[in-house]
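Asks: Encoded as C-alpha cells, here's the structure I'll be asking about.
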Amino acid sequence: MKKLFIIGGMGAGKSTARKALVDAGLPYIDLDQVGHDVLAWDTVKEELVDTFGSDIMDGDAVNRKALAHKAFVSPAETRKLNRITVPRIEDAYRDQVAELEAAGSKAVVVEHSVFKNRTSSLAYDADVVIAVLAPLDLRIERAVASGFDEADVRRRIARQITDADRIEAADVVFNNDGTPEELRNQVIAWWDTYSKDL
C-alpha cells in the first residue's frame, strides 16, 4: 500500500490537497486527529498530569489549550510532551495503516502538519512526500480567516520547518498561491498520472 504524506506550513493548503485525493477515492489519516485521540487514553492522561499538573484537565478530558500553554513554553517542556505522546501516536498510526492494508486499500493519504524530515518522523516509510507551499502572508491571512489569532499563527509558523526544508524532503511540490480549485486540479492531475502505475 502506497503511503502519500502531505506536508506544508499552517495555512498552506494541506487539507485542500488531502480532500482532492479523498474525493478521488483514497482513505486518509490525519495525524493531528490521531494526536487528539491519543490524549483520551487513560495512560496518556495520567502521564500528562504527572508531568504538567492536574490543571491541564477539564473534568475527565485534557484541555488542549491549557496543555499547550505549559508544553510549548520551552523546547525542554515540548520534549516532555513528545516523549509521552509521540510513541502512542506512532502505534495508533501503524494500527490504522495495518487495517487499511488488510482492507485492500492501494494507497492512503497521510496529513502530517508537524513533519520535520524523512528520517525522524513517521514519514520514514513514505512512498511519496507531497509538499504544499504558499507565500507566508497568504498563509497567515488564510489561518486568521479560519479563526486563528494572528500572533498565535505567527508563533506556530516560527516553530515549523521552512519551505526550503519541505522542498528538499518532498518528491512532489504544489504551489498554492491561487484558488483552492486550482490546487485541487493540480493534485488530481498528478494523482491520475501517478496511480496509473499502481
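Each chain in the C-alpha cells gets a letter, A, B, ..., in the order shown, and its residues are numbered from 1; ligands are numbered from 1 in order too.
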For the interface of stretch 38-63 of chain A with stretch 86-103 of chain A (cut-off 10 Å, counting only C-alpha atoms), please tabulate each contacting residue of stretch 38-63 of chain A alongside its nearest pair of atoms and their separation in Å to one decimal, rows sorted by chain and increasing number, as a tab-separated table.
Replies:
residue	atom	partner	partner_atom	distance
A:Val38	CA	A:Ile89	CA	6.5
A:Leu39	CA	A:Arg88	CA	9.4
A:Trp41	CA	A:Arg88	CA	9.3
A:Thr43	CA	A:Arg88	CA	10.0
A:Val44	CA	A:Arg88	CA	8.3
Asks: Show me, as a VMD selection string, the residues that have an atom within 8 Å of stretch 105-122 of chain A when counting only C-alpha atoms, minus same-chain residues fewer than 3 positions from it.
Replies: chain A and resid 1 to 10 14 to 15 18 21 to 22 26 to 32 90 97 100 to 102 125 to 126 160 to 161 165 to 166 169 198
Asks: To one decimal place, how far is atom CA of A:Asp149 from atom CA of A:Ala66 in Å?
Replies: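 Separating atom CA of A:Asp149 from atom CA of A:Ala66 is a distance of 16.1 Å.
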Asks: For A:Ile84, list every protein, DNA or RNA residue within 9 Å, evaluated using only C-alpha atoms, and leave out those in the same chain fewer than 5 positions away; present the list as a list in words.
Replies: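 So, after excluding close chain neighbours, the residues are Val44, Glu47, Leu48 and Arg79 of chain A.
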Asks: Generate the output file for the selected residues, N, CA and C atoms, as a PDB file, in the first residue's frame.
Replies:
ATOM      1  N   VAL A  44      -2.104   7.953  28.914  1.00  0.00           N
ATOM      2  CA  VAL A  44      -1.553   9.233  28.465  1.00  0.00           C
ATOM      3  C   VAL A  44      -1.989  10.352  29.413  1.00  0.00           C
ATOM      4  N   GLU A  47       0.028  10.218  32.640  1.00  0.00           N
ATOM      5  CA  GLU A  47       1.412  10.699  32.474  1.00  0.00           C
ATOM      6  C   GLU A  47       1.458  12.210  32.265  1.00  0.00           C
ATOM      7  N   LEU A  48       0.479  12.751  31.543  1.00  0.00           N
ATOM      8  CA  LEU A  48       0.446  14.199  31.319  1.00  0.00           C
ATOM      9  C   LEU A  48       0.203  14.950  32.628  1.00  0.00           C
ATOM     10  N   ARG A  79       9.711  18.642  24.626  1.00  0.00           N
ATOM     11  CA  ARG A  79      10.282  17.277  24.582  1.00  0.00           C
ATOM     12  C   ARG A  79       9.572  16.359  25.571  1.00  0.00           C
TER      13      ARG A  79
END
Asks: Pick the closest to A:Val49 from A:Val34, A:Leu138, A:Leu81, A:Ala20: which is it, counting only C-alpha atoms?
Replies: A:Leu81
Asks: Just asking: which residues within stretch 9-195 of chain A are strand (DSSP E) according to DSSP, as a list in words?
Replies: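 Result set for stretch 9-195 of chain A (strand (DSSP E)): Tyr28, Ile29, Asp30, Met57, Asp58, Ala61, Val62, Ala107, Val108, Val109, Val110, Glu111, Val128, Val129, Ile130, Ala131, Val132, Leu133, Val172, Val173, Phe174 and Asn175 of chain A.
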Asks: For the residues selected in the previous step, produce a file with N, CA and C atoms as a PDB file, in the first residue's frame.
Replies:
ATOM      1  N   TYR A  28      -7.846   8.341   4.265  1.00  0.00           N
ATOM      2  CA  TYR A  28      -6.789   9.207   4.799  1.00  0.00           C
ATOM      3  C   TYR A  28      -6.652   9.064   6.306  1.00  0.00           C
ATOM      4  N   ILE A  29      -5.466   9.443   6.766  1.00  0.00           N
ATOM      5  CA  ILE A  29      -5.167   9.500   8.199  1.00  0.00           C
ATOM      6  C   ILE A  29      -4.684  10.917   8.478  1.00  0.00           C
ATOM      7  N   ASP A  30      -5.337  11.597   9.416  1.00  0.00           N
ATOM      8  CA  ASP A  30      -4.923  12.935   9.829  1.00  0.00           C
ATOM      9  C   ASP A  30      -4.156  12.776  11.143  1.00  0.00           C
ATOM     10  N   MET A  57      -6.334  19.447  33.081  1.00  0.00           N
ATOM     11  CA  MET A  57      -7.550  18.657  32.865  1.00  0.00           C
ATOM     12  C   MET A  57      -8.788  19.536  32.949  1.00  0.00           C
ATOM     13  N   ASP A  58      -9.775  19.169  32.144  1.00  0.00           N
ATOM     14  CA  ASP A  58     -11.075  19.828  32.174  1.00  0.00           C
ATOM     15  C   ASP A  58     -12.069  18.699  32.427  1.00  0.00           C
ATOM     16  N   ALA A  61     -11.339  15.195  30.639  1.00  0.00           N
ATOM     17  CA  ALA A  61     -10.645  15.372  29.355  1.00  0.00           C
ATOM     18  C   ALA A  61      -9.466  16.333  29.501  1.00  0.00           C
ATOM     19  N   VAL A  62      -8.453  16.121  28.670  1.00  0.00           N
ATOM     20  CA  VAL A  62      -7.321  17.041  28.634  1.00  0.00           C
ATOM     21  C   VAL A  62      -7.774  18.327  27.942  1.00  0.00           C
ATOM     22  N   ALA A 107      -3.661   2.746  -1.637  1.00  0.00           N
ATOM     23  CA  ALA A 107      -2.903   3.905  -1.174  1.00  0.00           C
ATOM     24  C   ALA A 107      -3.651   4.576  -0.033  1.00  0.00           C
ATOM     25  N   VAL A 108      -2.910   5.317   0.788  1.00  0.00           N
ATOM     26  CA  VAL A 108      -3.517   6.102   1.864  1.00  0.00           C
ATOM     27  C   VAL A 108      -2.860   7.482   1.873  1.00  0.00           C
ATOM     28  N   VAL A 109      -3.662   8.504   2.140  1.00  0.00           N
ATOM     29  CA  VAL A 109      -3.156   9.870   2.266  1.00  0.00           C
ATOM     30  C   VAL A 109      -2.951  10.143   3.754  1.00  0.00           C
ATOM     31  N   VAL A 110      -1.776  10.653   4.100  1.00  0.00           N
ATOM     32  CA  VAL A 110      -1.479  10.965   5.497  1.00  0.00           C
ATOM     33  C   VAL A 110      -1.167  12.459   5.589  1.00  0.00           C
ATOM     34  N   GLU A 111      -1.992  13.187   6.336  1.00  0.00           N
ATOM     35  CA  GLU A 111      -1.755  14.624   6.533  1.00  0.00           C
ATOM     36  C   GLU A 111      -0.865  14.798   7.762  1.00  0.00           C
ATOM     37  N   VAL A 128       5.606   8.639  -1.110  1.00  0.00           N
ATOM     38  CA  VAL A 128       5.643   9.960  -1.739  1.00  0.00           C
ATOM     39  C   VAL A 128       5.421  11.013  -0.656  1.00  0.00           C
ATOM     40  N   VAL A 129       6.287  12.019  -0.628  1.00  0.00           N
ATOM     41  CA  VAL A 129       6.052  13.177   0.241  1.00  0.00           C
ATOM     42  C   VAL A 129       5.636  14.339  -0.671  1.00  0.00           C
ATOM     43  N   ILE A 130       4.434  14.857  -0.413  1.00  0.00           N
ATOM     44  CA  ILE A 130       3.856  15.930  -1.210  1.00  0.00           C
ATOM     45  C   ILE A 130       3.896  17.206  -0.373  1.00  0.00           C
ATOM     46  N   ALA A 131       4.620  18.209  -0.837  1.00  0.00           N
ATOM     47  CA  ALA A 131       4.676  19.486  -0.117  1.00  0.00           C
ATOM     48  C   ALA A 131       3.720  20.480  -0.760  1.00  0.00           C
ATOM     49  N   VAL A 132       2.915  21.122   0.081  1.00  0.00           N
ATOM     50  CA  VAL A 132       2.025  22.190  -0.385  1.00  0.00           C
ATOM     51  C   VAL A 132       2.588  23.494   0.168  1.00  0.00           C
ATOM     52  N   LEU A 133       2.925  24.413  -0.729  1.00  0.00           N
ATOM     53  CA  LEU A 133       3.568  25.660  -0.332  1.00  0.00           C
ATOM     54  C   LEU A 133       2.689  26.855  -0.704  1.00  0.00           C
ATOM     55  N   VAL A 172       7.113  15.662  -4.545  1.00  0.00           N
ATOM     56  CA  VAL A 172       6.196  16.442  -5.373  1.00  0.00           C
ATOM     57  C   VAL A 172       5.923  17.750  -4.631  1.00  0.00           C
ATOM     58  N   VAL A 173       5.930  18.881  -5.364  1.00  0.00           N
ATOM     59  CA  VAL A 173       5.677  20.182  -4.737  1.00  0.00           C
ATOM     60  C   VAL A 173       4.546  20.887  -5.484  1.00  0.00           C
ATOM     61  N   PHE A 174       3.560  21.351  -4.722  1.00  0.00           N
ATOM     62  CA  PHE A 174       2.472  22.157  -5.289  1.00  0.00           C
ATOM     63  C   PHE A 174       2.536  23.554  -4.697  1.00  0.00           C
ATOM     64  N   ASN A 175       2.520  24.570  -5.562  1.00  0.00           N
ATOM     65  CA  ASN A 175       2.478  25.954  -5.100  1.00  0.00           C
ATOM     66  C   ASN A 175       1.024  26.396  -5.067  1.00  0.00           C
TER      67      ASN A 175
END
Asks: For A:Tyr124, which of A:Ala164, A:Ala40, A:Ala76, A:Ala170 is the closest residue, counting only C-alpha atoms?
Replies: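 Looking only at the distances to A:Tyr124, the closest residue turns out to be A:Ala170.
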Asks: Please identify all polymer residues within 10 Å of A:Ala68, counting only C-alpha atoms, omitting same-chain residues fewer than 4 positions from it, and present them as a ChimeraX atom specification.
Replies: /A:56,63-64,72-73,77-78,81
Asks: With C-alpha atoms retained, could you export that selection as a CSV table (one decimal), in the first residue's frame?
Replies:
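Generated output (selection_25.csv):
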chain,number,residue,atom,x,y,z
A,56,ILE,CA,-4.4,20.7,32.3
A,63,ASN,CA,-7.8,20.8,28.0
A,64,ARG,CA,-5.5,21.1,24.9
A,72,PHE,CA,5.2,24.9,24.4
A,73,VAL,CA,6.9,27.4,26.7
A,77,GLU,CA,8.9,21.1,28.0
A,78,THR,CA,7.9,20.3,24.4
A,81,LEU,CA,5.2,16.2,25.9
Asks: Mind listing the helix (DSSP H, G or I) residues of stretch 112-145 of chain A, per DSSP on the backbone, as a list in words?
Replies: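 Helix (DSSP H, G or I) assignments inside stretch 112-145 of chain A correspond to Leu122, Ala123, Tyr124, Asp125, Leu136, Asp137, Leu138, Arg139, Ile140, Glu141, Arg142, Ala143, Val144 and Ala145 of chain A.
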